[in-house]
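Colleague: So that you have it, the file is upload.cif, and it contains mmCIF, C-alpha atoms and all ligand atoms; chains and numbers go by the auth columns:
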```cif
data_target
#
loop_
_atom_site.group_PDB
_atom_site.id
_atom_site.type_symbol
_atom_site.label_atom_id
_atom_site.label_comp_id
_atom_site.label_asym_id
_atom_site.label_seq_id
_atom_site.Cartn_x
_atom_site.Cartn_y
_atom_site.Cartn_z
_atom_site.B_iso_or_equiv
_atom_site.auth_seq_id
_atom_site.auth_asym_id
ATOM 1 C CA MET A 1 -44.004 -7.924 -142.150 0.00 8 A
ATOM 2 C CA ILE A 2 -47.364 -7.552 -143.812 0.00 9 A
ATOM 3 C CA THR A 3 -48.254 -4.796 -146.260 0.00 10 A
ATOM 4 C CA THR A 4 -51.154 -3.700 -148.430 0.00 11 A
ATOM 5 C CA CYS A 5 -50.702 -2.416 -151.973 0.00 12 A
ATOM 6 C CA ALA A 6 -51.974 -2.897 -155.521 0.00 13 A
ATOM 7 C CA PRO A 7 -51.219 -6.447 -156.857 0.00 14 A
ATOM 8 C CA ALA A 8 -48.844 -4.956 -159.433 0.00 15 A
ATOM 9 C CA GLN A 9 -46.573 -3.947 -156.524 0.00 16 A
ATOM 10 C CA TYR A 10 -46.404 -7.353 -154.741 0.00 17 A
ATOM 11 C CA GLU A 11 -43.057 -8.468 -156.168 0.00 18 A
ATOM 12 C CA ARG A 12 -41.415 -5.113 -155.566 0.00 19 A
ATOM 13 C CA LEU A 13 -42.562 -4.963 -151.942 0.00 20 A
ATOM 14 C CA LYS A 14 -41.469 -8.552 -151.328 0.00 21 A
ATOM 15 C CA SER A 15 -38.041 -7.643 -152.700 0.00 22 A
ATOM 16 C CA LEU A 16 -37.980 -4.856 -150.090 0.00 23 A
ATOM 17 C CA GLY A 17 -38.772 -7.276 -147.243 0.00 24 A
ATOM 18 C CA ALA A 18 -42.550 -7.798 -147.080 0.00 25 A
ATOM 19 C CA ASP A 19 -43.497 -11.375 -146.107 0.00 26 A
ATOM 20 C CA HIS A 20 -47.133 -11.010 -147.151 0.00 27 A
ATOM 21 C CA CYS A 21 -48.896 -8.563 -149.484 0.00 28 A
ATOM 22 C CA PHE A 22 -52.645 -7.954 -149.605 0.00 29 A
ATOM 23 C CA ASP A 23 -54.698 -6.008 -152.135 0.00 30 A
ATOM 24 C CA TYR A 24 -56.017 -2.860 -150.467 0.00 31 A
ATOM 25 C CA HIS A 25 -58.875 -2.604 -152.998 0.00 32 A
ATOM 26 C CA LEU A 26 -60.654 -5.625 -151.413 0.00 33 A
ATOM 27 C CA SER A 27 -62.993 -4.984 -148.486 0.00 34 A
ATOM 28 C CA GLN A 28 -62.094 -8.320 -146.822 0.00 35 A
ATOM 29 C CA THR A 29 -58.347 -7.564 -146.654 0.00 36 A
ATOM 30 C CA GLY A 30 -58.366 -6.548 -142.981 0.00 37 A
ATOM 31 C CA ASP A 31 -60.223 -9.742 -141.999 0.00 38 A
ATOM 32 C CA GLN A 32 -57.817 -11.855 -144.071 0.00 39 A
ATOM 33 C CA ILE A 33 -54.834 -10.316 -142.284 0.00 40 A
ATOM 34 C CA ARG A 34 -56.411 -11.022 -138.906 0.00 41 A
ATOM 35 C CA ARG A 35 -56.912 -14.659 -139.920 0.00 42 A
ATOM 36 C CA LEU A 36 -53.341 -14.950 -141.204 0.00 43 A
ATOM 37 C CA THR A 37 -51.983 -13.528 -137.952 0.00 44 A
ATOM 38 C CA GLU A 38 -54.382 -15.625 -135.835 0.00 45 A
ATOM 39 C CA ASN A 39 -55.670 -12.467 -134.132 0.00 46 A
ATOM 40 C CA ARG A 40 -52.170 -11.618 -132.863 0.00 47 A
ATOM 41 C CA LEU A 41 -51.324 -8.466 -134.855 0.00 48 A
ATOM 42 C CA ARG A 42 -50.485 -5.712 -132.347 0.00 49 A
ATOM 43 C CA PHE A 43 -49.155 -2.853 -134.498 0.00 50 A
ATOM 44 C CA ALA A 44 -50.475 -1.180 -137.648 0.00 51 A
ATOM 45 C CA TRP A 45 -48.763 1.760 -139.342 0.00 52 A
ATOM 46 C CA ASP A 46 -51.107 3.526 -141.769 0.00 53 A
ATOM 47 C CA THR A 47 -49.326 5.789 -144.279 0.00 54 A
ATOM 48 C CA ILE A 48 -52.488 6.318 -146.351 0.00 55 A
ATOM 49 C CA ALA A 49 -54.550 7.639 -143.462 0.00 56 A
ATOM 50 C CA ASN A 50 -58.083 7.763 -144.806 0.00 57 A
ATOM 51 C CA GLU A 51 -61.361 6.204 -143.639 0.00 58 A
ATOM 52 C CA ASN A 52 -60.807 2.994 -145.644 0.00 59 A
ATOM 53 C CA SER A 53 -57.226 2.393 -144.551 0.00 60 A
ATOM 54 C CA ALA A 54 -58.125 3.076 -140.904 0.00 61 A
ATOM 55 C CA ARG A 55 -60.988 0.543 -141.166 0.00 62 A
ATOM 56 C CA MET A 56 -58.673 -2.026 -142.764 0.00 63 A
ATOM 57 C CA CYS A 57 -56.200 -1.652 -139.908 0.00 64 A
ATOM 58 C CA ALA A 58 -59.004 -1.922 -137.349 0.00 65 A
ATOM 59 C CA ASP A 59 -60.205 -5.172 -138.971 0.00 66 A
ATOM 60 C CA ALA A 60 -56.669 -6.588 -139.055 0.00 67 A
ATOM 61 C CA LEU A 61 -55.511 -5.728 -135.521 0.00 68 A
ATOM 62 C CA SER A 62 -55.873 -8.197 -132.675 0.00 69 A
ATOM 63 C CA THR A 63 -58.978 -7.964 -130.501 0.00 70 A
ATOM 64 C CA ASP A 64 -56.788 -8.762 -127.480 0.00 71 A
ATOM 65 C CA PRO A 65 -55.761 -5.809 -125.267 0.00 72 A
ATOM 66 C CA GLY A 66 -52.730 -3.746 -126.382 0.00 73 A
ATOM 67 C CA ALA A 67 -53.316 -3.222 -130.124 0.00 74 A
ATOM 68 C CA ARG A 68 -51.875 0.052 -131.471 0.00 75 A
ATOM 69 C CA TYR A 69 -52.620 2.094 -134.599 0.00 76 A
ATOM 70 C CA GLY A 70 -50.217 4.750 -135.884 0.00 77 A
ATOM 71 C CA THR A 71 -50.899 7.072 -138.791 0.00 78 A
ATOM 72 C CA THR A 72 -49.757 10.138 -140.729 0.00 79 A
ATOM 73 C CA ASN A 73 -52.908 12.266 -140.399 0.00 80 A
ATOM 74 C CA PRO A 74 -54.535 13.569 -137.222 0.00 81 A
ATOM 75 C CA MET A 75 -57.129 10.777 -136.973 0.00 82 A
ATOM 76 C CA LYS A 76 -57.951 7.827 -134.725 0.00 83 A
ATOM 77 C CA SER A 77 -58.735 4.159 -135.193 0.00 84 A
ATOM 78 C CA PRO A 78 -62.490 3.512 -135.492 0.00 85 A
ATOM 79 C CA ARG A 79 -61.983 0.968 -132.683 0.00 86 A
ATOM 80 C CA ALA A 80 -62.169 2.487 -129.195 0.00 87 A
ATOM 81 C CA ASP A 81 -60.111 -0.373 -127.719 0.00 88 A
ATOM 82 C CA VAL A 82 -57.114 0.443 -129.974 0.00 89 A
ATOM 83 C CA GLU A 83 -54.586 3.103 -128.927 0.00 90 A
ATOM 84 C CA SER A 84 -54.073 5.659 -131.730 0.00 91 A
ATOM 85 C CA THR A 85 -51.029 7.821 -132.488 0.00 92 A
ATOM 86 C CA ALA A 86 -50.583 10.382 -135.285 0.00 93 A
ATOM 87 C CA VAL A 87 -47.209 11.693 -136.423 0.00 94 A
ATOM 88 C CA VAL A 88 -46.403 14.745 -138.562 0.00 95 A
ATOM 89 C CA MET A 89 -42.962 13.997 -139.950 0.00 96 A
ATOM 90 C CA TYR A 90 -42.049 17.540 -141.012 0.00 97 A
ATOM 91 C CA THR A 91 -41.239 18.601 -137.435 0.00 98 A
ATOM 92 C CA MET A 92 -38.052 16.556 -137.873 0.00 99 A
ATOM 93 C CA MET A 93 -36.691 19.361 -140.091 0.00 100 A
ATOM 94 C CA GLY A 94 -36.451 21.730 -137.126 0.00 101 A
ATOM 95 C CA GLU A 95 -38.186 24.561 -139.010 0.00 102 A
ATOM 96 C CA ALA A 96 -41.612 26.212 -138.699 0.00 103 A
ATOM 97 C CA PHE A 97 -44.222 25.120 -141.298 0.00 104 A
ATOM 98 C CA LYS A 98 -47.956 24.992 -142.092 0.00 105 A
ATOM 99 C CA TYR A 99 -49.653 21.586 -142.625 0.00 106 A
ATOM 100 C CA GLY A 100 -53.323 21.746 -143.626 0.00 107 A
ATOM 101 C CA THR A 101 -54.714 24.630 -141.617 0.00 108 A
ATOM 102 C CA THR A 102 -52.333 24.167 -138.665 0.00 109 A
ATOM 103 C CA ASN A 103 -49.175 26.213 -138.078 0.00 110 A
ATOM 104 C CA TYR A 104 -46.361 24.217 -136.490 0.00 111 A
ATOM 105 C CA PRO A 105 -43.507 26.101 -134.777 0.00 112 A
ATOM 106 C CA ALA A 106 -39.889 24.969 -135.188 0.00 113 A
ATOM 107 C CA CYS A 107 -39.121 22.137 -132.776 0.00 114 A
ATOM 108 C CA ARG A 108 -35.470 21.673 -131.829 0.00 115 A
ATOM 109 C CA ASP A 109 -36.226 18.535 -129.769 0.00 116 A
ATOM 110 C CA ASP A 110 -37.835 16.766 -132.760 0.00 117 A
ATOM 111 C CA PHE A 111 -34.887 17.732 -134.959 0.00 118 A
ATOM 112 C CA GLU A 112 -32.409 16.283 -132.467 0.00 119 A
ATOM 113 C CA PHE A 113 -34.560 13.170 -131.986 0.00 120 A
ATOM 114 C CA ALA A 114 -34.806 12.658 -135.786 0.00 121 A
ATOM 115 C CA LYS A 115 -31.016 12.699 -136.104 0.00 122 A
ATOM 116 C CA ARG A 116 -30.664 10.069 -133.370 0.00 123 A
ATOM 117 C CA PHE A 117 -33.585 8.032 -134.708 0.00 124 A
ATOM 118 C CA MET A 118 -32.242 7.870 -138.290 0.00 125 A
ATOM 119 C CA THR A 119 -28.901 6.546 -137.083 0.00 126 A
ATOM 120 C CA LEU A 120 -30.573 4.058 -134.744 0.00 127 A
ATOM 121 C CA THR A 121 -33.003 2.881 -137.441 0.00 128 A
ATOM 122 C CA GLU A 122 -30.241 2.101 -139.911 0.00 129 A
ATOM 123 C CA SER A 123 -28.489 -0.117 -137.348 0.00 130 A
ATOM 124 C CA LEU A 124 -31.745 -1.800 -136.333 0.00 131 A
ATOM 125 C CA LEU A 125 -32.658 -2.582 -139.940 0.00 132 A
ATOM 126 C CA ASP A 126 -29.253 -4.166 -140.488 0.00 133 A
ATOM 127 C CA LEU A 127 -29.776 -6.250 -137.348 0.00 134 A
ATOM 128 C CA VAL A 128 -33.292 -7.291 -138.397 0.00 135 A
ATOM 129 C CA ARG A 129 -32.061 -8.382 -141.832 0.00 136 A
ATOM 130 C CA ALA A 130 -29.315 -10.427 -140.199 0.00 137 A
ATOM 131 C CA ILE A 131 -31.421 -12.317 -137.633 0.00 138 A
ATOM 132 C CA TRP A 132 -34.938 -12.782 -139.008 0.00 139 A
ATOM 133 C CA ALA A 133 -35.790 -15.599 -141.377 0.00 140 A
ATOM 134 C CA PRO A 134 -37.312 -14.160 -144.584 0.00 141 A
ATOM 135 C CA ASN A 135 -40.738 -15.694 -144.019 0.00 142 A
ATOM 136 C CA GLU A 136 -40.948 -15.155 -140.305 0.00 143 A
ATOM 137 C CA LEU A 137 -44.161 -13.448 -139.382 0.00 144 A
ATOM 138 C CA VAL A 138 -43.627 -10.161 -137.632 0.00 145 A
ATOM 139 C CA SER A 139 -46.495 -8.321 -136.016 0.00 146 A
ATOM 140 C CA LEU A 140 -46.054 -5.206 -138.050 0.00 147 A
ATOM 141 C CA MET A 141 -48.171 -4.019 -140.897 0.00 148 A
ATOM 142 C CA SER A 142 -47.519 -1.049 -143.131 0.00 149 A
ATOM 143 C CA ILE A 143 -50.582 0.237 -144.940 0.00 150 A
HETATM 144 N N1 LIG B . -47.641 13.151 -141.321 0.00 201 A
HETATM 145 C C1 LIG B . -46.907 13.606 -142.309 0.00 201 A
HETATM 146 O O1 LIG B . -45.829 14.159 -142.086 0.00 201 A
HETATM 147 C C2 LIG B . -47.395 13.429 -143.732 0.00 201 A
HETATM 148 C C3 LIG B . -46.587 13.805 -144.795 0.00 201 A
HETATM 149 C C4 LIG B . -47.057 13.589 -146.081 0.00 201 A
HETATM 150 C C5 LIG B . -48.303 13.013 -146.293 0.00 201 A
HETATM 151 N N2 LIG B . -49.077 12.669 -145.220 0.00 201 A
HETATM 152 C C6 LIG B . -50.365 11.981 -145.396 0.00 201 A
HETATM 153 O O2 LIG B . -50.072 10.673 -145.840 0.00 201 A
HETATM 154 C C7 LIG B . -51.136 10.199 -146.660 0.00 201 A
HETATM 155 C C8 LIG B . -50.582 9.651 -147.942 0.00 201 A
HETATM 156 O O3 LIG B . -49.971 10.708 -148.672 0.00 201 A
HETATM 157 P P1 LIG B . -49.249 10.436 -150.040 0.00 201 A
HETATM 158 O O4 LIG B . -48.805 11.750 -150.576 0.00 201 A
HETATM 159 O O5 LIG B . -48.245 9.342 -149.862 0.00 201 A
HETATM 160 O O6 LIG B . -50.478 9.871 -150.901 0.00 201 A
HETATM 161 P P2 LIG B . -50.529 9.506 -152.410 0.00 201 A
HETATM 162 O O7 LIG B . -49.418 10.123 -153.167 0.00 201 A
HETATM 163 O O8 LIG B . -51.914 9.831 -152.807 0.00 201 A
HETATM 164 O O9 LIG B . -50.219 7.936 -152.418 0.00 201 A
HETATM 165 C C9 LIG B . -51.212 7.082 -152.192 0.00 201 A
HETATM 166 C C10 LIG B . -50.926 5.841 -153.055 0.00 201 A
HETATM 167 O O10 LIG B . -50.880 4.724 -152.189 0.00 201 A
HETATM 168 C C11 LIG B . -51.623 3.653 -152.740 0.00 201 A
HETATM 169 N N3 LIG B . -52.672 3.301 -151.782 0.00 201 A
HETATM 170 C C12 LIG B . -53.881 3.862 -151.538 0.00 201 A
HETATM 171 N N4 LIG B . -54.524 3.230 -150.543 0.00 201 A
HETATM 172 C C13 LIG B . -53.683 2.262 -150.099 0.00 201 A
HETATM 173 C C14 LIG B . -53.743 1.274 -149.082 0.00 201 A
HETATM 174 N N5 LIG B . -54.814 1.155 -148.274 0.00 201 A
HETATM 175 N N6 LIG B . -52.679 0.449 -148.918 0.00 201 A
HETATM 176 C C15 LIG B . -51.594 0.553 -149.700 0.00 201 A
HETATM 177 N N7 LIG B . -51.473 1.460 -150.686 0.00 201 A
HETATM 178 C C16 LIG B . -52.503 2.298 -150.878 0.00 201 A
HETATM 179 C C17 LIG B . -52.130 4.098 -154.087 0.00 201 A
HETATM 180 O O11 LIG B . -51.187 3.559 -155.010 0.00 201 A
HETATM 181 P P3 LIG B . -51.608 2.753 -156.341 0.00 201 A
HETATM 182 O O12 LIG B . -52.134 3.798 -157.249 0.00 201 A
HETATM 183 O O13 LIG B . -50.323 2.121 -156.809 0.00 201 A
HETATM 184 O O14 LIG B . -52.639 1.744 -155.980 0.00 201 A
HETATM 185 C C18 LIG B . -52.043 5.613 -154.057 0.00 201 A
HETATM 186 O O15 LIG B . -51.703 6.161 -155.279 0.00 201 A
HETATM 187 C C19 LIG B . -52.109 11.362 -146.836 0.00 201 A
HETATM 188 O O16 LIG B . -53.204 11.151 -145.969 0.00 201 A
HETATM 189 C C20 LIG B . -51.282 12.583 -146.423 0.00 201 A
HETATM 190 O O17 LIG B . -52.102 13.578 -145.867 0.00 201 A
HETATM 191 C C21 LIG B . -48.632 12.864 -143.944 0.00 201 A
#
```
Re-express the file's structure as structure tokens.
Modeller:
Amino acid sequence: MITTCAPAQYERLKSLGADHCFDYHLSQTGDQIRRLTENRLRFAWDTIANENSARMCADALSTDPGARYGTTNPMKSPRADVESTAVVMYTMMGEAFKYGTTNYPACRDDFEFAKRFMTLTESLLDLVRAIWAPNELVSLMSI
């Protein structure tokens, strides 16, 4: 697992499971991640969701077919060959809300899915911790 953060956070993120940390302030970070992963990184999850973080993910993701970019704002990867997905988490609450200028109605399906997903995720994380070597490179980046 590869993550970007400020250098002051490296040790904390490694204690939480990151194998590699990169400084998001540096413009070459995306390129460095692509070199580290030998152009094999297929998934990027961007929780910052601005122009810079989207560019960093685009620079890091593999140029082979099948790279995917997920983010928390309604935006797309600057790379046309990368599939983009945006997720608004609040629909998991099952209640109507306003985010930015958009009104979202209550969504029962998302609420039910969130309950199943949380349970599934906890089991999967336990499994991942049990079977993966600490320094094994996983094609997942959280920015
Ligand atoms: N989809 C949803 O449901 C949802 C919900 C909430 C928020 N959002 C969106 O999520 C984004 C982040 O919101 P937030 O409230 O978490 O922001 P925030 O409170 O402003 O947190 C951003 C922090 O992340 C660090 N950072 C900035 N760029 C980074 C990068 N490229 N890599 C790693 N760390 C970086 C900085 O920490 P340091 O100061 O330590 O460097 C910064 O203070 C926003 O675009 C917001 O609109 C979406």
Colleague: Report the residues retrieved by the PyMOL selection byres (((chain A and resi 57-71) around 10) and not hetatm) from the displayed file, expressed as a PyMOL selection string.
Modeller: chain A and resi 11+31-56+72-80+82-89+146-150
Colleague: Padding of 6 Å on every side, edges along x, y and z, all listed atoms of ligand LIG 201 (chain A) included: what centre and edge lengths in Å, to one decimal, does that box have, as lines of an AutoDock Vina configuration file?
Modeller:
```
center_x = -50.3
center_y = 7.3
center_z = -149.3
size_x = 21.0
size_y = 25.7
size_z = 27.9
```
Colleague: In Å to one decimal, how far is atom C20 of ligand LIG 201 (chain A) from CA of Met100 in chain A?
Modeller: 17.3 Å
Colleague: Mind pulling up the distance from CA of Val94 in chain A to CA of Asp117 in chain A?
Modeller: 11.3 Å
Colleague: Can you tell me, as a tab-separated table (two decimals) with C-alpha atoms, keeping the file's coordinate frame, what residues are no more than 7 Å from Cys28 in chain A when counting all atoms listed in the file, ignoring any on the same chain fewer than 2 positions away?
Modeller:
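The result, written out as result_12.tsv:
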```tsv
chain	number	residue	atom	x	y	z
A	9	ILE	CA	-47.36	-7.55	-143.81
A	10	THR	CA	-48.25	-4.80	-146.26
A	11	THR	CA	-51.15	-3.70	-148.43
A	12	CYS	CA	-50.70	-2.42	-151.97
A	17	TYR	CA	-46.40	-7.35	-154.74
A	25	ALA	CA	-42.55	-7.80	-147.08
A	26	ASP	CA	-43.50	-11.38	-146.11
A	30	ASP	CA	-54.70	-6.01	-152.14
```
Colleague: From the options A:Phe124, A:Tyr97, A:Phe29, A:Phe118, which residue's atoms come nearest to ligand LIG 201 (chain A), counting all atoms listed in the file?
Modeller: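 Residue with the minimum atom-to-atom distance to ligand LIG 201 (chain A): A:Tyr97.
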Colleague: Distance atom C20 of ligand LIG 201 (chain A)-CA of Glu119 in chain A, one decimal place?
Modeller: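 It comes out at 23.8 Å.
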Colleague: Of the candidates A:Lys105, A:Arg136, A:Arg115, A:Arg123, which one gets nearest to ligand LIG 201 (chain A) if we count all atoms listed in the file?
Modeller: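 Going through A:Lys105, A:Arg136, A:Arg115, A:Arg123 one by one, the smallest distance to ligand LIG 201 (chain A) is for A:Lys105.
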Colleague: Near Phe104 in chain A, within 12 Å and counting only C-alpha atoms, which residues show up once chain neighbours fewer than 6 positions away are dropped, as a list in words?
Modeller: Val95, Met96, Tyr97, Thr98, Asn110, Tyr111, Pro112, Ala113 and Cys114 of chain A
Colleague: Keeping only C-alpha atoms, write the selected residues to a file as a short mmCIF file (atom, residue, chain, number, x, y, z; two decimals), keeping the file's coordinate frame.
Modeller:
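That gives us result19.cif:
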```cif
data_model
loop_
_atom_site.label_atom_id
_atom_site.label_comp_id
_atom_site.auth_asym_id
_atom_site.auth_seq_id
_atom_site.Cartn_x
_atom_site.Cartn_y
_atom_site.Cartn_z
CA VAL A 95 -46.40 14.74 -138.56
CA MET A 96 -42.96 14.00 -139.95
CA TYR A 97 -42.05 17.54 -141.01
CA THR A 98 -41.24 18.60 -137.44
CA ASN A 110 -49.18 26.21 -138.08
CA TYR A 111 -46.36 24.22 -136.49
CA PRO A 112 -43.51 26.10 -134.78
CA ALA A 113 -39.89 24.97 -135.19
CA CYS A 114 -39.12 22.14 -132.78
#
```
Colleague: Compare A:Gln16, A:Gly24, A:Thr126, A:Ala137 by their minimum atom-to-atom distance to ligand LIG 201 (chain A), counting all atoms listed in the file, and give me the closest one.
Modeller: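 Of A:Gln16, A:Gly24, A:Thr126, A:Ala137, the one nearest ligand LIG 201 (chain A) is A:Gln16, counting all atoms listed in the file.
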Colleague: Rank A:Met8, A:Arg19, A:Thr108, A:Pro81 by their smallest atom-to-atom distance to ligand LIG 201 (chain A), using only C-alpha atoms and all ligand atoms, and report the top residue only.
Modeller: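 Looking at the shortest contact to ligand LIG 201 (chain A), the residue is A:Pro81.
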